[in-house]
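Coordinates as given in input23.cif (mmCIF, C-alpha atoms):
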```
data_input
loop_
_atom_site.label_atom_id
_atom_site.label_comp_id
_atom_site.auth_asym_id
_atom_site.auth_seq_id
_atom_site.Cartn_x
_atom_site.Cartn_y
_atom_site.Cartn_z
CA MET A 758 43.72 52.94 24.94
CA ILE A 759 40.07 52.19 24.12
CA SER A 760 38.54 54.49 21.49
CA LEU A 761 34.99 55.62 22.16
CA LYS A 762 34.55 55.89 18.38
CA ASN A 763 34.91 52.13 17.96
CA LYS A 764 31.65 50.68 16.61
CA ASP A 765 31.52 47.90 19.21
CA VAL A 766 32.15 50.38 22.01
CA MET A 767 29.42 52.68 20.68
CA ARG A 768 27.01 49.74 20.60
CA TYR A 769 27.57 49.10 24.31
CA ILE A 770 27.32 52.80 25.16
CA GLU A 771 23.93 53.01 23.45
CA ARG A 772 22.84 49.83 25.21
CA PHE A 773 23.77 51.04 28.71
CA LYS A 774 22.96 54.74 28.40
CA GLY A 775 20.73 55.75 31.32
CA ASP A 776 21.41 52.55 33.29
CA THR A 777 22.91 52.54 36.78
CA PHE A 778 26.06 50.61 37.72
CA ILE A 779 27.41 50.00 41.22
CA VAL A 780 31.23 50.06 41.43
CA LYS A 781 32.76 48.57 44.59
CA PHE A 782 36.40 49.35 45.40
CA SER A 783 38.17 46.54 47.25
CA GLY A 784 40.45 47.60 50.07
CA LYS A 785 43.80 46.79 48.46
CA VAL A 786 42.95 48.87 45.38
CA LEU A 787 42.64 51.95 47.58
CA GLU A 788 46.28 51.68 48.68
CA ASN A 789 47.63 52.73 45.28
CA ASP A 790 47.11 56.35 44.21
CA ALA A 791 48.15 55.64 40.61
CA ILE A 792 45.49 52.93 40.31
CA ILE A 793 42.86 55.21 41.83
CA GLU A 794 43.73 57.91 39.30
CA SER A 795 43.52 55.45 36.39
CA VAL A 796 40.23 53.90 37.46
CA THR A 797 38.53 57.20 38.24
CA LYS A 798 39.36 58.34 34.70
CA ASP A 799 37.39 55.35 33.41
CA ILE A 800 34.56 56.11 35.83
CA ALA A 801 34.42 59.71 34.61
CA THR A 802 34.38 58.50 30.98
CA LEU A 803 31.48 56.12 31.61
CA HIS A 804 29.59 58.92 33.34
CA LYS A 805 30.20 61.34 30.46
CA VAL A 806 28.67 58.90 27.94
CA GLY A 807 25.44 58.70 29.95
CA ILE A 808 25.90 55.80 32.38
CA ASN A 809 24.89 56.50 35.99
CA LEU A 810 27.45 55.33 38.54
CA ILE A 811 27.38 54.84 42.29
CA ILE A 812 30.72 54.16 43.99
CA VAL A 813 31.02 52.16 47.23
CA HIS A 814 34.24 51.73 49.19
CA GLY A 815 35.66 50.52 52.45
CA ALA A 816 39.07 51.20 53.99
CA GLY A 817 39.94 47.81 55.43
CA SER A 818 43.73 47.83 55.12
CA MET A 819 44.06 51.47 56.16
CA ILE A 820 41.85 50.88 59.21
CA SER A 821 43.94 47.90 60.34
CA ASP A 822 47.22 49.79 59.80
CA THR A 823 45.96 52.83 61.70
CA LEU A 824 44.73 50.71 64.60
CA ASN A 825 48.15 49.08 64.78
CA GLU A 826 49.81 52.50 64.90
CA PHE A 827 47.63 53.41 67.89
CA GLY A 828 48.34 50.07 69.55
CA LEU A 829 44.73 48.94 69.29
CA LYS A 830 44.02 45.27 68.74
CA THR A 831 42.00 44.31 65.65
CA THR A 832 39.61 41.41 66.17
CA PHE A 833 37.35 39.78 63.61
CA ILE A 834 34.45 37.40 64.18
CA ASN A 835 33.45 35.49 61.04
CA GLY A 836 35.01 38.21 58.91
CA GLU A 837 33.31 41.12 60.72
CA ARG A 838 35.43 43.66 62.57
CA VAL A 839 34.70 44.05 66.27
CA THR A 840 34.09 47.81 66.58
CA THR A 841 34.44 49.41 70.00
CA ARG A 842 33.65 53.11 70.41
CA GLU A 843 37.37 53.90 70.18
CA ILE A 844 37.81 51.80 67.06
CA LEU A 845 34.66 53.30 65.54
CA ASN A 846 36.22 56.78 65.64
CA ILE A 847 39.24 55.51 63.70
CA VAL A 848 37.03 53.62 61.23
CA ILE A 849 35.08 56.81 60.49
CA TRP A 850 38.26 58.88 60.10
CA CYS A 851 39.77 56.37 57.65
CA LEU A 852 36.56 56.10 55.64
CA HIS A 853 36.29 59.90 55.38
CA TYR A 854 39.89 60.08 54.21
CA VAL A 855 39.31 57.46 51.47
CA ASN A 856 36.00 59.03 50.49
CA ASN A 857 37.57 62.46 50.04
CA LYS A 858 40.40 60.95 48.00
CA LEU A 859 37.97 59.22 45.59
CA VAL A 860 35.73 62.28 45.26
CA SER A 861 38.73 64.51 44.57
CA SER A 862 40.15 62.11 41.99
CA ILE A 863 36.84 61.88 40.10
CA ASN A 864 36.38 65.65 40.17
CA LYS A 865 39.85 66.13 38.69
CA CYS A 866 38.59 64.18 35.66
CA ASN A 867 35.96 66.87 35.00
CA ALA A 868 33.14 64.79 36.45
CA ARG A 869 31.14 65.72 39.55
CA ALA A 870 31.29 63.42 42.58
CA VAL A 871 29.84 63.85 46.05
CA GLY A 872 30.58 61.88 49.22
CA LEU A 873 27.84 60.31 51.35
CA ASP A 874 27.67 58.12 54.45
CA SER A 875 25.29 58.21 57.42
CA SER A 876 23.10 60.80 55.70
CA LEU A 877 22.08 58.05 53.28
CA LEU A 878 22.02 54.84 55.33
CA ILE A 879 19.60 54.25 58.22
CA ALA A 880 20.75 51.30 60.32
CA GLU A 881 20.14 49.39 63.51
CA LYS A 882 22.75 47.88 65.79
CA THR A 883 23.43 44.22 65.13
CA LYS A 884 22.03 41.73 67.60
CA LYS A 885 25.52 40.22 67.78
CA GLU A 886 26.47 42.28 70.81
CA GLU A 887 30.07 41.04 70.72
CA LEU A 888 30.63 43.04 67.49
CA GLY A 889 30.03 46.39 69.21
CA PHE A 890 29.08 49.38 67.02
CA VAL A 891 28.27 47.36 63.91
CA GLY A 892 24.98 47.79 62.09
CA ASN A 893 22.58 46.34 59.57
CA ILE A 894 20.88 48.48 56.95
CA LYS A 895 17.21 49.15 57.61
CA GLU A 896 16.59 51.87 55.05
CA ILE A 897 18.39 53.57 52.17
CA LYS A 898 17.32 57.13 51.42
CA LYS A 899 16.91 56.39 47.74
CA ASP A 900 15.45 59.82 47.01
CA ILE A 901 18.81 61.43 47.86
CA LEU A 902 20.54 59.23 45.29
CA GLU A 903 17.87 59.91 42.68
CA ILE A 904 18.22 63.68 43.13
CA LEU A 905 22.02 63.58 42.96
CA ILE A 906 22.11 61.31 39.91
CA GLY A 907 19.44 63.43 38.25
CA GLU A 908 21.64 66.49 38.79
CA GLY A 909 24.60 64.76 37.18
CA TYR A 910 26.55 63.72 40.27
CA ILE A 911 28.40 60.47 41.01
CA PRO A 912 27.62 59.45 44.62
CA VAL A 913 30.63 58.02 46.49
CA ILE A 914 29.41 56.12 49.53
CA SER A 915 31.15 55.18 52.79
CA PRO A 916 29.68 52.20 54.69
CA ILE A 917 28.62 54.13 57.79
CA GLY A 918 24.98 54.14 58.86
CA MET A 919 23.04 56.14 61.42
CA ASP A 920 21.29 54.21 64.19
CA ARG A 921 17.61 55.13 63.95
CA GLN A 922 17.18 54.66 67.73
CA THR A 923 20.24 56.43 69.16
CA SER A 924 21.53 58.54 66.21
CA MET A 925 24.93 56.88 66.75
CA PRO A 926 27.05 56.05 63.68
CA LEU A 927 27.45 52.35 62.98
CA ASN A 928 30.05 50.46 60.97
CA ILE A 929 28.51 48.38 58.15
CA ASN A 930 30.16 45.82 55.90
CA ALA A 931 30.93 47.58 52.59
CA ASP A 932 30.01 44.55 50.48
CA ILE A 933 26.58 44.44 52.13
CA VAL A 934 26.13 48.17 51.52
CA ALA A 935 27.00 47.71 47.84
CA GLY A 936 24.58 44.80 47.45
CA GLU A 937 21.73 46.59 49.18
CA LEU A 938 22.32 49.73 47.09
CA ALA A 939 22.24 47.66 43.90
CA HIS A 940 18.81 46.37 44.91
CA ALA A 941 17.51 49.76 46.04
CA VAL A 942 18.34 51.60 42.82
CA GLY A 943 17.66 48.74 40.40
CA ALA A 944 21.28 48.65 39.21
CA LYS A 945 21.96 46.89 35.92
CA LYS A 946 25.54 45.94 36.78
CA PHE A 947 27.59 45.30 39.93
CA ILE A 948 31.35 45.69 39.49
CA VAL A 949 34.05 44.72 41.98
CA LEU A 950 37.47 46.31 41.44
CA THR A 951 40.30 44.25 42.83
CA THR A 952 44.03 43.58 42.44
CA VAL A 953 43.68 40.34 40.44
CA ARG A 954 42.41 39.77 36.90
CA GLY A 955 39.22 38.06 38.07
CA VAL A 956 38.40 34.48 39.02
CA LEU A 957 41.23 32.12 38.04
CA ASN A 958 40.99 28.37 37.38
CA GLU A 959 43.26 25.63 38.79
CA ASP A 960 45.93 26.52 36.22
CA GLY A 961 45.86 30.21 37.02
CA ASN A 962 44.00 31.16 33.84
CA LEU A 963 41.20 33.72 33.82
CA ILE A 964 37.64 32.39 33.81
CA LYS A 965 35.70 34.78 31.59
CA THR A 966 32.14 33.81 32.57
CA LEU A 967 30.54 32.03 35.51
CA THR A 968 27.07 31.26 36.81
CA ILE A 969 26.15 31.34 40.49
CA GLU A 970 26.02 27.54 40.51
CA GLU A 971 29.50 27.32 38.99
CA CYS A 972 30.78 29.73 41.65
CA TYR A 973 29.47 27.44 44.38
CA LYS A 974 31.17 24.42 42.79
CA LEU A 975 34.51 26.22 42.42
CA ARG A 976 34.31 27.30 46.03
CA GLU A 977 33.65 23.71 47.17
CA LYS A 978 36.70 22.55 45.16
CA GLY A 979 38.86 25.23 46.76
CA VAL A 980 39.48 27.07 43.48
CA ILE A 981 37.68 30.14 44.81
CA LYS A 982 39.32 30.81 48.15
CA THR A 983 40.63 33.35 50.68
CA GLY A 984 40.21 36.95 49.48
CA MET A 985 38.11 36.02 46.45
CA ILE A 986 35.34 34.52 48.60
CA PRO A 987 33.86 37.82 49.91
CA LYS A 988 34.02 39.29 46.39
CA ILE A 989 32.10 36.33 44.97
CA ASP A 990 29.61 36.51 47.85
CA ALA A 991 29.03 40.21 47.13
CA CYS A 992 28.40 39.46 43.45
CA ILE A 993 25.99 36.63 44.26
CA MET A 994 24.12 38.85 46.71
CA ALA A 995 23.73 41.54 44.05
CA LEU A 996 22.53 39.03 41.43
CA LYS A 997 19.98 37.56 43.81
CA LYS A 998 18.71 41.07 44.49
CA GLY A 999 17.99 41.71 40.82
CA VAL A 1000 21.24 42.88 39.21
CA GLU A 1001 21.59 41.44 35.70
CA ARG A 1002 25.38 41.01 35.59
CA ALA A 1003 28.20 41.10 38.13
CA HIS A 1004 31.86 41.61 37.22
CA ILE A 1005 35.16 41.09 39.02
CA ILE A 1006 38.04 42.90 37.32
CA LYS A 1007 41.54 44.10 38.00
CA ALA A 1008 41.77 47.81 38.71
CA GLU A 1009 44.14 49.06 36.02
CA GLU A 1010 44.10 51.41 33.04
CA ASP A 1011 41.18 50.80 30.64
CA ALA A 1012 40.16 47.57 32.45
CA LEU A 1013 36.77 48.97 33.45
CA LEU A 1014 36.04 50.27 29.95
CA GLY A 1015 37.34 47.05 28.41
CA GLU A 1016 35.13 44.87 30.57
CA LEU A 1017 31.95 46.85 30.03
CA LEU A 1018 32.28 48.19 26.49
CA THR A 1019 33.91 45.34 24.50
CA ASP A 1020 32.96 41.82 23.53
CA GLU A 1021 36.23 40.38 24.87
CA GLY A 1022 36.04 41.84 28.38
CA THR A 1023 38.96 41.99 30.78
CA GLY A 1024 37.77 40.11 33.87
CA THR A 1025 35.14 37.64 35.05
CA MET A 1026 31.41 38.16 34.41
CA ILE A 1027 28.96 36.35 36.68
CA THR A 1028 25.31 35.67 35.88
CA GLU A 1029 22.50 33.73 37.50
#
```

Take the structure in the file and give it back as structure tokens.
Amino acid sequence: MISLKNKDVMRYIERFKGDTFIVKFSGKVLENDAIIESVTKDIATLHKVGINLIIVHGAGSMISDTLNEFGLKTTFINGERVTTREILNIVIWCLHYVNNKLVSSINKCNARAVGLDSSLLIAEKTKKEELGFVGNIKEIKKDILEILIGEGYIPVISPIGMDRQTSMPLNINADIVAGELAHAVGAKKFIVLTTVRGVLNEDGNLIKTLTIEECYKLREKGVIKTGMIPKIDACIMALKKGVERAHIIKAEEDALLGELLTDEGTGTMITE
């Protein structure tokens, strides 16, 4: 258990007080209620010491499982889910379910969270017609976030946008939403919560720090592969949009506090 009275911890708290962090929940993390409870405790603690947090989530695994239950085929094109009108309804239902779960868990920790989706994100339908009801962000209603954060809330955001032409909801990649939000609010840190310790080397050991260039090299060598690739891409996007530090950490008790408030850290920190 990390003590907030520790001098090193207090130094980081003073350093980050008033800053904004984006926390992105990876899909697998959201399958475990115990992990959600543990991580939201850390989120509430960071909020109570004066750090502003914005939470972004998807519901990838749940969406795929629910589609299978309904006998609907899941198709991806270059990692993007083909979203028919029927599939869109299930995507929205799953995202609302996850959003409510995260909001409820944070509120149980005596913090105040509020869920947001299409009320925040203005989008337009992708020109890749084969993807269906998938959108790209055209505008983020930053004033809504500023008001909520100013009133002491933690926004929890689903990746659903509203088509500015048709007022139809559109499915948006959650990593893209997180990166664009980081840019819009001038976030200091971008944090990806996952089920692994961070980026591992060829021997399976944790790599504590990486630059963008080193990430590219590890990807070329096949060290960064499969499920880690979109997480790295999200971090690089955030860094290129002005975030100072990006972190990939395992979602477990005290891992978030340990990564952000200690010299040792618990995961992988990525810089430009």

Next on the checklist: Here's the selection I'm unsure about, the PyMOL selection byres ((chain A and resi 984) around 12); applied to the file above, which residues does it give, as a list in words?
Outcome noted: Ser783, Gly784, Lys785, Gly836, Thr951, Thr952, Val953, Gly955, Val956, Arg976, Val980, Ile981, Lys982, Thr983, Met985, Ile986, Pro987, Lys988, Ile989, Asp990 and Ala991 of chain A

Next on the checklist: I'd like the residues picked by the PyMOL selection byres ((chain A and resi 1008) around 8) written out as an MDAnalysis selection string, using the chain letters and numbers from the file.
Outcome noted: chainID A and resid 786 792 796 950:953 1006:1007 1009:1010 1012:1013

Next on the checklist: My list of candidates is A:Asn958, A:His814, A:Ile793, A:Ile847. Which is closest to Leu829 in chain A when distances are computed with only C-alpha atoms?
Outcome noted: A:Ile847

Applied to this file, what does the PyMOL selection byres ((chain A and resi 817-819) around 8) return in terms of residues, put as a PDB file with C-alpha atoms, in the coordinates of the input?
```
ATOM      1  CA  GLY A 784      40.450  47.600  50.070  1.00  0.00           C
ATOM      2  CA  LYS A 785      43.800  46.790  48.460  1.00  0.00           C
ATOM      3  CA  GLU A 788      46.280  51.680  48.680  1.00  0.00           C
ATOM      4  CA  GLY A 815      35.660  50.520  52.450  1.00  0.00           C
ATOM      5  CA  ALA A 816      39.070  51.200  53.990  1.00  0.00           C
ATOM      6  CA  ILE A 820      41.850  50.880  59.210  1.00  0.00           C
ATOM      7  CA  SER A 821      43.940  47.900  60.340  1.00  0.00           C
ATOM      8  CA  ASP A 822      47.220  49.790  59.800  1.00  0.00           C
ATOM      9  CA  THR A 823      45.960  52.830  61.700  1.00  0.00           C
ATOM     10  CA  CYS A 851      39.770  56.370  57.650  1.00  0.00           C
TER      11      CYS A 851
END
```

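CA of Pro916 in chain A is found 13.8 Å from CA of Asn857 in chain A.
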
Next on the checklist: Which residue is closest to Ser876 in chain A? Choose from A:Cys972, A:Leu902, A:Val860, A:Leu787 and count all atoms listed in the file.
Outcome noted: A:Leu902

Checklist entry - What lies within 10 Å of Lys830 in chain A using all atoms listed in the file, ignoring chain neighbours under 2 positions off, as a ChimeraX atom specification? => result /A:821,824-825,827-828,832,839,844
